[in-house]
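**Q** Next up, protein.txt (compact mmCIF, C-alpha atoms).
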```txt
# COMPACT_ATOMS: atom_id res chain seq x y z
CA MET A 1 -33.86 -22.91 -14.34
CA GLY A 2 -33.79 -19.54 -12.67
CA LEU A 3 -31.25 -16.84 -13.45
CA PHE A 4 -29.21 -17.58 -10.32
CA SER A 5 -30.07 -21.23 -9.71
CA GLY A 6 -26.71 -22.43 -11.09
CA LEU A 7 -24.70 -20.51 -8.51
CA THR A 8 -23.00 -22.18 -5.56
CA MET A 9 -22.02 -20.60 -2.27
CA ALA A 10 -18.61 -18.85 -2.43
CA PRO A 11 -16.06 -19.80 0.23
CA THR A 12 -15.80 -17.43 3.18
CA ASP A 13 -12.82 -15.08 3.07
CA PRO A 14 -10.34 -16.52 5.61
CA ILE A 15 -9.50 -13.10 7.09
CA LEU A 16 -12.84 -11.32 6.98
CA GLY A 17 -14.63 -14.54 7.90
CA THR A 18 -12.65 -14.69 11.13
CA SER A 19 -13.85 -11.18 12.00
CA LEU A 20 -17.46 -12.19 11.38
CA ALA A 21 -17.02 -15.23 13.61
CA PHE A 22 -15.54 -12.98 16.30
CA GLN A 23 -18.54 -10.65 16.18
CA ALA A 24 -20.97 -13.56 16.44
CA ASP A 25 -19.13 -15.22 19.35
CA THR A 26 -20.65 -14.42 22.75
CA ASP A 27 -17.74 -15.73 24.84
CA PRO A 28 -16.25 -12.81 26.84
CA ARG A 29 -12.79 -14.37 26.52
CA LYS A 30 -12.78 -14.11 22.72
CA VAL A 31 -9.76 -12.62 20.90
CA ASN A 32 -9.93 -11.35 17.31
CA LEU A 33 -7.09 -12.83 15.24
CA GLY A 34 -8.58 -11.74 11.91
CA VAL A 35 -8.17 -8.30 10.33
CA GLY A 36 -4.97 -6.54 11.42
CA ALA A 37 -6.49 -3.42 12.95
CA TYR A 38 -5.16 -1.44 15.92
CA ARG A 39 -7.11 -1.79 19.17
CA THR A 40 -7.06 -0.13 22.59
CA GLU A 41 -6.22 -1.99 25.81
CA ASP A 42 -9.94 -2.78 26.02
CA GLY A 43 -9.95 -4.28 22.53
CA LYS A 44 -11.92 -1.38 21.04
CA PRO A 45 -11.35 0.40 17.71
CA TYR A 46 -9.20 3.52 18.07
CA VAL A 47 -9.64 6.86 16.29
CA LEU A 48 -6.47 8.95 16.35
CA ASN A 49 -6.74 12.29 18.15
CA VAL A 50 -5.39 14.14 15.12
CA VAL A 51 -8.15 12.55 13.05
CA LEU A 52 -10.83 13.59 15.55
CA GLU A 53 -9.55 17.18 15.50
CA THR A 54 -9.43 17.22 11.71
CA GLU A 55 -12.93 15.76 11.45
CA ALA A 56 -14.24 18.65 13.60
CA GLU A 57 -12.46 21.13 11.35
CA ILE A 58 -13.94 19.55 8.22
CA LEU A 59 -17.44 19.58 9.70
CA LYS A 60 -17.11 23.28 10.52
CA GLU A 61 -16.01 24.09 6.95
CA THR A 62 -18.56 21.87 5.21
CA GLY A 63 -21.05 23.98 3.29
CA THR A 64 -18.62 26.87 2.90
CA THR A 65 -15.10 26.01 1.73
CA ILE A 66 -15.84 22.26 1.63
CA ASN A 67 -18.65 20.70 -0.40
CA LYS A 68 -19.83 17.29 -1.56
CA GLU A 69 -19.05 17.63 -5.26
CA TYR A 70 -17.39 14.82 -7.20
CA SER A 71 -13.64 14.55 -7.01
CA THR A 72 -11.57 14.39 -10.18
CA ILE A 73 -10.89 10.96 -11.69
CA ASP A 74 -7.36 10.88 -10.26
CA GLY A 75 -7.98 12.72 -6.98
CA PRO A 76 -6.93 16.21 -5.77
CA ALA A 77 -3.65 17.62 -7.08
CA ASP A 78 -2.48 18.75 -3.62
CA LEU A 79 -3.17 15.27 -2.22
CA LYS A 80 -0.83 13.85 -4.84
CA THR A 81 2.05 16.15 -3.95
CA LEU A 82 1.68 15.63 -0.19
CA THR A 83 1.50 11.85 -0.45
CA GLN A 84 4.39 11.71 -2.92
CA LYS A 85 6.61 13.61 -0.48
CA LEU A 86 5.56 11.34 2.37
CA ALA A 87 6.55 8.25 0.37
CA PHE A 88 9.57 9.48 -1.58
CA GLY A 89 10.87 12.27 0.68
CA ASP A 90 10.66 16.05 0.75
CA ASP A 91 13.91 16.26 -1.21
CA SER A 92 12.97 13.67 -3.84
CA GLU A 93 14.18 14.55 -7.33
CA ALA A 94 11.40 12.45 -8.84
CA VAL A 95 8.78 14.53 -7.02
CA ALA A 96 10.47 17.86 -7.83
CA SER A 97 10.85 17.06 -11.52
CA GLY A 98 7.27 15.85 -11.95
CA ARG A 99 8.29 12.31 -12.90
CA ILE A 100 5.62 10.66 -10.75
CA ALA A 101 2.12 9.94 -12.05
CA SER A 102 -0.31 9.54 -9.15
CA VAL A 103 -3.95 8.59 -8.77
CA GLN A 104 -6.06 8.28 -5.63
CA GLY A 105 -7.21 4.71 -5.13
CA LEU A 106 -9.56 2.82 -2.83
CA SER A 107 -6.93 2.25 -0.15
CA GLY A 108 -4.11 -0.20 -0.80
CA THR A 109 -6.30 -2.89 -2.33
CA GLY A 110 -7.86 -0.54 -4.87
CA SER A 111 -4.48 0.94 -5.75
CA LEU A 112 -3.08 -2.54 -6.39
CA ARG A 113 -6.10 -3.32 -8.56
CA ILE A 114 -5.53 -0.20 -10.67
CA CYS A 115 -1.88 -1.16 -11.05
CA ALA A 116 -2.81 -4.69 -12.14
CA GLU A 117 -5.38 -3.49 -14.69
CA PHE A 118 -2.98 -0.86 -16.04
CA THR A 119 -0.20 -3.44 -16.38
CA LYS A 120 -2.39 -6.01 -18.13
CA THR A 121 -3.90 -3.41 -20.48
CA TYR A 122 -0.88 -1.31 -21.45
CA LEU A 123 2.43 -2.95 -20.59
CA SER A 124 4.51 -5.65 -22.27
CA PRO A 125 3.85 -9.38 -21.73
CA GLU A 126 7.06 -9.57 -19.69
CA ALA A 127 5.69 -7.07 -17.15
CA GLN A 128 2.54 -9.16 -16.80
CA GLU A 129 4.50 -11.81 -14.92
CA ILE A 130 4.62 -10.78 -11.26
CA TRP A 131 6.72 -12.34 -8.52
CA ILE A 132 5.22 -12.29 -5.03
CA SER A 133 6.75 -13.36 -1.72
CA LYS A 134 5.84 -16.72 -0.19
CA PRO A 135 3.95 -16.11 2.03
CA THR A 136 2.20 -12.79 1.38
CA TRP A 137 -0.99 -10.94 2.22
CA GLY A 138 -3.95 -13.15 1.32
CA ASN A 139 -5.43 -10.82 -1.29
CA HIS A 140 -2.29 -10.15 -3.33
CA ILE A 141 -2.44 -13.28 -5.47
CA THR A 142 -6.15 -12.92 -6.23
CA ILE A 143 -5.84 -9.26 -7.25
CA PHE A 144 -3.27 -10.00 -9.93
CA GLN A 145 -4.78 -13.28 -11.10
CA VAL A 146 -8.19 -11.68 -11.59
CA ALA A 147 -6.53 -9.00 -13.73
CA GLY A 148 -5.08 -11.76 -15.91
CA MET A 149 -1.46 -11.55 -14.77
CA GLU A 150 0.73 -14.60 -14.19
CA VAL A 151 1.65 -14.90 -10.51
CA LYS A 152 4.86 -16.60 -9.39
CA GLU A 153 6.39 -16.85 -5.92
CA TYR A 154 9.86 -16.22 -4.54
CA PRO A 155 11.04 -17.67 -1.19
CA TYR A 156 10.81 -15.20 1.67
CA TYR A 157 10.36 -16.77 5.10
CA GLN A 158 12.42 -19.45 6.82
CA ALA A 159 10.29 -21.23 9.40
CA GLU A 160 13.30 -22.86 11.05
CA THR A 161 14.94 -19.52 11.88
CA ARG A 162 11.75 -17.46 11.92
CA GLY A 163 13.67 -15.10 9.68
CA PHE A 164 14.08 -13.76 6.18
CA ASP A 165 15.17 -16.20 3.47
CA TYR A 166 17.57 -13.68 1.93
CA GLU A 167 19.56 -16.17 -0.14
CA GLY A 168 16.43 -17.89 -1.40
CA MET A 169 14.88 -14.64 -2.57
CA LEU A 170 18.03 -13.47 -4.34
CA LYS A 171 18.46 -16.86 -6.05
CA ALA A 172 14.89 -16.77 -7.40
CA LEU A 173 15.27 -13.22 -8.71
CA LYS A 174 18.66 -14.01 -10.29
CA GLU A 175 17.86 -17.38 -11.82
CA ASP A 176 14.11 -17.67 -12.29
CA ALA A 177 12.59 -14.22 -12.86
CA LYS A 178 12.56 -13.17 -16.50
CA PRO A 179 13.94 -9.74 -17.45
CA GLY A 180 11.10 -7.21 -17.54
CA SER A 181 8.90 -9.04 -15.06
CA MET A 182 7.45 -7.30 -12.01
CA VAL A 183 8.36 -7.97 -8.38
CA LEU A 184 6.00 -7.10 -5.55
CA LEU A 185 7.91 -5.91 -2.49
CA HIS A 186 6.51 -5.09 0.96
CA ALA A 187 8.00 -1.66 1.71
CA CYS A 188 8.10 -2.40 5.46
CA ALA A 189 6.37 -4.58 8.07
CA HIS A 190 6.04 -7.58 5.75
CA ASN A 191 2.56 -9.07 5.89
CA PRO A 192 2.10 -11.68 7.34
CA THR A 193 5.58 -12.47 8.69
CA GLY A 194 6.66 -9.08 10.07
CA VAL A 195 10.19 -9.91 8.87
CA ASP A 196 11.91 -7.22 6.79
CA PRO A 197 15.26 -7.11 4.98
CA THR A 198 18.01 -5.01 6.54
CA GLU A 199 19.08 -1.84 4.73
CA GLU A 200 22.12 -3.65 3.32
CA GLN A 201 19.93 -6.51 2.12
CA TRP A 202 17.57 -4.03 0.47
CA LYS A 203 20.53 -2.58 -1.42
CA ALA A 204 21.56 -6.01 -2.63
CA ILE A 205 17.99 -6.84 -3.70
CA ALA A 206 17.79 -3.57 -5.60
CA ALA A 207 21.13 -4.24 -7.31
CA VAL A 208 19.95 -7.67 -8.50
CA MET A 209 16.68 -6.25 -9.76
CA GLN A 210 18.49 -3.47 -11.60
CA GLU A 211 20.88 -5.97 -13.20
CA LYS A 212 18.00 -8.27 -14.24
CA LYS A 213 15.82 -5.31 -15.37
CA LEU A 214 13.01 -6.28 -12.99
CA SER A 215 10.26 -3.75 -12.22
CA PRO A 216 9.51 -3.00 -8.55
CA LEU A 217 5.98 -2.74 -7.20
CA MET A 218 6.22 -1.44 -3.63
CA ASP A 219 3.22 -2.14 -1.40
CA SER A 220 3.40 0.33 1.48
CA ALA A 221 0.58 -0.41 3.92
CA TYR A 222 2.44 0.25 7.18
CA GLN A 223 4.71 3.30 6.78
CA GLY A 224 5.51 4.46 10.31
CA TYR A 225 4.18 1.29 11.92
CA ALA A 226 7.28 -0.92 11.66
CA SER A 227 9.75 1.40 13.39
CA GLY A 228 7.63 4.31 14.60
CA SER A 229 9.34 6.56 12.03
CA LEU A 230 7.78 7.54 8.70
CA ASP A 231 11.24 8.17 7.23
CA THR A 232 12.86 4.94 8.45
CA ASP A 233 10.00 2.88 7.05
CA ALA A 234 10.31 4.61 3.67
CA PHE A 235 13.93 3.49 3.23
CA ALA A 236 13.26 0.82 0.60
CA THR A 237 10.85 2.96 -1.43
CA ARG A 238 13.28 5.87 -1.53
CA LEU A 239 16.24 3.61 -2.28
CA PHE A 240 14.63 2.19 -5.42
CA ALA A 241 13.40 5.61 -6.59
CA ASN A 242 16.83 7.22 -6.04
CA MET A 243 18.50 4.39 -7.98
CA GLY A 244 16.52 5.42 -11.04
CA PHE A 245 14.00 2.57 -11.23
CA GLU A 246 10.79 2.98 -13.16
CA MET A 247 8.44 1.64 -10.52
CA PHE A 248 4.97 1.39 -9.00
CA MET A 249 4.18 2.24 -5.39
CA CYS A 250 0.86 1.54 -3.66
CA GLN A 251 0.24 3.57 -0.50
CA SER A 252 -2.47 3.02 2.12
CA PHE A 253 -3.57 5.17 5.06
CA ALA A 254 -5.78 2.48 6.61
CA LYS A 255 -3.30 1.38 9.24
CA ASN A 256 -1.03 4.34 9.99
CA LEU A 257 -3.86 6.89 10.18
CA GLY A 258 -6.51 4.42 11.32
CA LEU A 259 -8.66 5.28 8.29
CA TYR A 260 -9.66 1.67 7.60
CA GLY A 261 -13.20 2.36 6.42
CA GLU A 262 -12.40 5.55 4.53
CA ARG A 263 -10.63 3.51 1.81
CA ILE A 264 -7.99 6.15 1.13
CA GLY A 265 -4.83 5.23 -0.72
CA MET A 266 -2.63 6.23 -3.65
CA LEU A 267 -0.95 4.63 -6.63
CA HIS A 268 2.30 6.36 -7.59
CA VAL A 269 4.16 5.51 -10.81
CA VAL A 270 7.75 6.74 -11.09
CA CYS A 271 8.63 7.40 -14.75
CA ASN A 272 11.75 8.44 -16.65
CA SER A 273 10.50 11.94 -17.44
CA ALA A 274 7.74 14.41 -16.66
CA ASP A 275 6.37 14.03 -20.18
CA GLU A 276 6.20 10.27 -19.76
CA ALA A 277 4.44 10.70 -16.42
CA LYS A 278 1.73 12.78 -18.12
CA VAL A 279 1.12 9.99 -20.63
CA VAL A 280 1.01 7.36 -17.88
CA LEU A 281 -1.44 9.47 -15.85
CA SER A 282 -3.74 9.82 -18.85
CA GLN A 283 -3.92 6.04 -19.19
CA LEU A 284 -4.31 5.45 -15.45
CA LYS A 285 -7.38 7.68 -15.61
CA MET A 286 -8.69 5.50 -18.43
CA VAL A 287 -8.46 2.54 -16.04
CA VAL A 288 -10.19 4.36 -13.17
CA ARG A 289 -13.06 5.94 -15.14
CA PRO A 290 -14.95 2.71 -16.05
CA MET A 291 -14.00 1.05 -12.74
CA TYR A 292 -15.42 3.53 -10.19
CA SER A 293 -15.34 6.88 -12.02
CA SER A 294 -13.83 8.99 -9.22
CA PRO A 295 -12.57 8.41 -5.67
CA PRO A 296 -14.35 9.32 -2.41
CA ILE A 297 -13.54 12.73 -0.98
CA HIS A 298 -13.70 12.39 2.80
CA GLY A 299 -10.57 10.32 3.40
CA ALA A 300 -8.72 12.54 0.93
CA LEU A 301 -9.74 15.61 2.93
CA LEU A 302 -8.45 14.06 6.15
CA VAL A 303 -5.09 13.08 4.65
CA LYS A 304 -4.64 16.46 2.92
CA LYS A 305 -5.33 18.42 6.09
CA ILE A 306 -3.06 16.27 8.26
CA LEU A 307 -0.12 16.08 5.85
CA GLY A 308 -0.50 19.72 4.78
CA ASP A 309 -0.48 21.24 8.28
CA PRO A 310 2.91 21.11 10.09
CA ALA A 311 1.29 20.99 13.54
CA LYS A 312 -1.10 18.19 12.57
CA LEU A 313 1.72 16.29 10.86
CA GLU A 314 3.87 16.43 14.00
CA ALA A 315 0.91 15.37 16.16
CA TRP A 316 0.35 12.39 13.86
CA LYS A 317 4.04 11.41 13.97
CA GLU A 318 4.00 11.46 17.76
CA GLU A 319 0.78 9.46 18.00
CA LEU A 320 1.95 6.97 15.37
CA SER A 321 5.24 6.47 17.20
CA GLY A 322 3.32 5.66 20.37
CA MET A 323 1.11 3.17 18.55
CA ALA A 324 4.10 1.45 16.96
CA GLY A 325 5.87 1.25 20.30
CA ARG A 326 2.83 -0.30 21.96
CA ILE A 327 2.55 -2.93 19.22
CA LEU A 328 6.19 -3.90 19.75
CA GLU A 329 5.61 -4.17 23.50
CA VAL A 330 2.55 -6.33 23.04
CA ARG A 331 4.44 -8.66 20.72
```
Take the structure in this file and express it as structure tokens.

**A**
Amino acid sequence: MGLFSGLTMAPTDPILGTSLAFQADTDPRKVNLGVGAYRTEDGKPYVLNVVLETEAEILKETGTTINKEYSTIDGPADLKTLTQKLAFGDDSEAVASGRIASVQGLSGTGSLRICAEFTKTYLSPEAQEIWISKPTWGNHITIFQVAGMEVKEYPYYQAETRGFDYEGMLKALKEDAKPGSMVLLHACAHNPTGVDPTEEQWKAIAAVMQEKKLSPLMDSAYQGYASGSLDTDAFATRLFANMGFEMFMCQSFAKNLGLYGERIGMLHVVCNSADEAKVVLSQLKMVVRPMYSSPPIHGALLVKKILGDPAKLEAWKEELSGMAGRILEVR
């Protein structure tokens, strides 16, 4: 028997496998229904103009003010502040008081993985039960199961109405979820349904979770994509933070900045105090260090420069609004 002779072929990923099939297909009429990535009218990948301009700026500075040294375990400090404000608001008390522990992750997926490992390693058994919408993004369940967490589902989509199963979700959270357990919430543009709660429904969901002492995990992969507004799409995240929840928030820049292959994202943990946030950050770094040691720098540079420059930020907002509008028209 050889070392690998007992292995069998793993099943093809249903999403990524569709993309591979698309690439191999020679039919000119083919349409890619796999990975949810923005495309031009010609079906080609699109690089945002603000990203192209920032790339040129980075190239010009490389070798002088920019180098290729390792990043820190948790990512650049200024990246943390900029991304916190984007998610929680410029006027966020949690940001201003230093109550948020943040680490740079490998896009949304990597940030979720850090959160899962942190939860399994350091938090109570109650928090290791996570409730996920039915349906949800295909990788959510696997991420948390592989980390050793118990995954349960709450109703979310009503096929008959093609709408949100508001009553079903609330009933599951009220009657079935145990106090202390975690609830994964799609901050906006629910994947795969595209159906989001209204602002009033979000408030009711938050009230139930507060009453039941449930811990929110916001997955924000599409901020700015659902409505065309970064602030509108941050409503749920900011609502929960302003209500005083201790919470996790995973943030990706794959979709809204078109940085799919840069794998740039953040994990933010809102704590009760700045001192508590320092402790949480120290343990998050203990999760990251043996996993991948430190995050890549290029995507972080792009995000820092775009969020940190008022002109670039406005250019991004305008371009993102146009992309979101086109998606709505196409649908």

**Q** Have a look at A:Lys203, A:His140, A:Lys255, A:Arg263 and name the one nearest to Leu239 of chain A; count all atoms listed in the file.

**A**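 Comparing A:Lys203, A:His140, A:Lys255, A:Arg263 against Leu239 of chain A, the winner is A:Lys203.
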
**Q** Measuring between all atoms listed in the file, which one of A:Arg238, A:His298, A:His186, A:Arg29 shows the shortest distance to Tyr222 of chain A?

**A** A:His186

**Q** For the point (-3.0, 5.1, -19.8) in file coordinates, what residues are within 12 Å, counting all atoms listed in the file? Give the answer as a list of chain:residue names?

**A** A:Asp74, A:Ala101, A:Ser102, A:Val103, A:Ile114, A:Cys115, A:Glu117, A:Phe118, A:Thr119, A:Lys120, A:Thr121, A:Tyr122, A:Leu123, A:Val269, A:Glu276, A:Ala277, A:Lys278, A:Val279, A:Val280, A:Leu281, A:Ser282, A:Gln283, A:Leu284, A:Lys285, A:Met286, A:Val287, A:Val288, A:Arg289

**Q** Can you work out the spacing between atom CA of Trp316 of chain A and atom CA of Val50 of chain A in Å, to one decimal?

**A**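 Answer for the atom CA of Trp316 of chain A to atom CA of Val50 of chain A separation: 6.1 Å.
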
**Q** Got a sec: who's within 8 Å of Asn32 of chain A, counting all atoms listed in the file, leaving out chain neighbours fewer than 6 positions off, as a list in words?

**A**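 Here the answer would be Thr18, Ser19 and Phe22 of chain A.
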
**Q** With all atoms listed in the file as the counted atoms, please give the residues lying no more than 10 Å from Lys80 of chain A, apart from itself and same-chain residues fewer than 4 positions off, as number ranges by chain.

**A** A: 74-76, 84-86, 95, 100-104, 266-268, 300, 304

**Q** Set out as a Markdown table a contact list for segment 72-185 of chain A and segment 192-197 of chain A with a cut-off of 8 Å, giving each residue of segment 72-185 of chain A that qualifies its closest atom pair and distance in Å to one decimal, counting only C-alpha atoms, ordered by chain and rising residue number.

**A**
```
| residue | atom | partner | partner_atom | distance |
| --- | --- | --- | --- | --- |
| A:Pro135 | CA | A:Pro192 | CA | 7.2 |
| A:Thr136 | CA | A:Pro192 | CA | 6.1 |
| A:Trp137 | CA | A:Pro192 | CA | 6.0 |
| A:Tyr157 | CA | A:Thr193 | CA | 7.4 |
| A:Gly163 | CA | A:Val195 | CA | 6.3 |
| A:Phe164 | CA | A:Val195 | CA | 6.1 |
| A:Tyr166 | CA | A:Pro197 | CA | 7.6 |
```

**Q** What does the distance from atom CA of Glu167 of chain A to atom CA of Asp231 of chain A come to in Å, to one decimal?

**A**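 Distance between the two atoms: 26.8 Å.
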
**Q** With N, CA and C atoms as the goal, would you fill in the gaps in segment 80-108 of chain A and present it as a tab-separated table (two decimals), in the frame of the given file?

**A**
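Final output, saved to out05.tsv:
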```
chain	number	residue	atom	x	y	z
A	80	LYS	N	-1.90	14.56	-4.15
A	80	LYS	CA	-0.83	13.85	-4.84
A	80	LYS	C	0.55	14.31	-4.36
A	81	THR	N	0.75	15.62	-4.34
A	81	THR	CA	2.05	16.15	-3.95
A	81	THR	C	2.40	15.79	-2.51
A	82	LEU	N	1.44	15.93	-1.61
A	82	LEU	CA	1.68	15.63	-0.19
A	82	LEU	C	2.00	14.16	0.02
A	83	THR	N	1.27	13.28	-0.64
A	83	THR	CA	1.50	11.85	-0.45
A	83	THR	C	2.77	11.39	-1.15
A	84	GLN	N	3.12	12.02	-2.27
A	84	GLN	CA	4.39	11.71	-2.92
A	84	GLN	C	5.56	12.03	-2.00
A	85	LYS	N	5.52	13.20	-1.38
A	85	LYS	CA	6.61	13.61	-0.48
A	85	LYS	C	6.70	12.70	0.73
A	86	LEU	N	5.56	12.26	1.24
A	86	LEU	CA	5.56	11.34	2.37
A	86	LEU	C	6.26	10.03	1.99
A	87	ALA	N	5.98	9.54	0.80
A	87	ALA	CA	6.55	8.25	0.37
A	87	ALA	C	7.99	8.38	-0.09
A	88	PHE	N	8.27	9.40	-0.91
A	88	PHE	CA	9.57	9.48	-1.58
A	88	PHE	C	10.52	10.49	-0.95
A	89	GLY	N	10.03	11.31	-0.02
A	89	GLY	CA	10.87	12.27	0.68
A	89	GLY	C	10.68	13.69	0.19
A	90	ASP	N	10.82	14.63	1.10
A	90	ASP	CA	10.66	16.05	0.75
A	90	ASP	C	11.68	16.50	-0.28
A	91	ASP	N	12.85	15.86	-0.30
A	91	ASP	CA	13.91	16.26	-1.21
A	91	ASP	C	14.00	15.36	-2.44
A	92	SER	N	12.95	14.62	-2.72
A	92	SER	CA	12.97	13.67	-3.84
A	92	SER	C	13.06	14.38	-5.19
A	93	GLU	N	14.04	13.99	-5.99
A	93	GLU	CA	14.18	14.55	-7.33
A	93	GLU	C	13.01	14.15	-8.21
A	94	ALA	N	12.53	12.92	-8.03
A	94	ALA	CA	11.40	12.45	-8.84
A	94	ALA	C	10.15	13.28	-8.60
A	95	VAL	N	9.92	13.67	-7.35
A	95	VAL	CA	8.78	14.53	-7.02
A	95	VAL	C	8.99	15.92	-7.62
A	96	ALA	N	10.18	16.50	-7.39
A	96	ALA	CA	10.47	17.86	-7.83
A	96	ALA	C	10.40	18.01	-9.34
A	97	SER	N	10.81	16.97	-10.06
A	97	SER	CA	10.85	17.06	-11.52
A	97	SER	C	9.54	16.64	-12.18
A	98	GLY	N	8.57	16.23	-11.39
A	98	GLY	CA	7.27	15.85	-11.95
A	98	GLY	C	7.27	14.51	-12.65
A	99	ARG	N	8.19	13.62	-12.24
A	99	ARG	CA	8.29	12.31	-12.90
A	99	ARG	C	7.37	11.25	-12.32
A	100	ILE	N	6.50	11.64	-11.39
A	100	ILE	CA	5.62	10.66	-10.75
A	100	ILE	C	4.17	10.91	-11.15
A	101	ALA	N	3.55	9.90	-11.73
A	101	ALA	CA	2.12	9.94	-12.05
A	101	ALA	C	1.37	9.30	-10.89
A	102	SER	N	0.40	10.03	-10.33
A	102	SER	CA	-0.31	9.54	-9.15
A	102	SER	C	-1.81	9.60	-9.34
A	103	VAL	N	-2.49	8.58	-8.81
A	103	VAL	CA	-3.95	8.59	-8.77
A	103	VAL	C	-4.40	8.13	-7.39
A	104	GLN	N	-5.47	8.73	-6.88
A	104	GLN	CA	-6.06	8.28	-5.63
A	104	GLN	C	-6.78	6.97	-5.87
A	105	GLY	N	-6.56	6.01	-4.99
A	105	GLY	CA	-7.21	4.71	-5.13
A	105	GLY	C	-8.03	4.37	-3.90
A	106	LEU	N	-8.75	3.28	-3.96
A	106	LEU	CA	-9.56	2.82	-2.83
A	106	LEU	C	-8.67	2.03	-1.88
A	107	SER	N	-7.91	2.78	-1.09
A	107	SER	CA	-6.93	2.25	-0.15
A	107	SER	C	-5.87	1.43	-0.89
A	108	GLY	N	-5.17	0.57	-0.17
A	108	GLY	CA	-4.11	-0.20	-0.80
A	108	GLY	C	-4.63	-1.21	-1.80
```
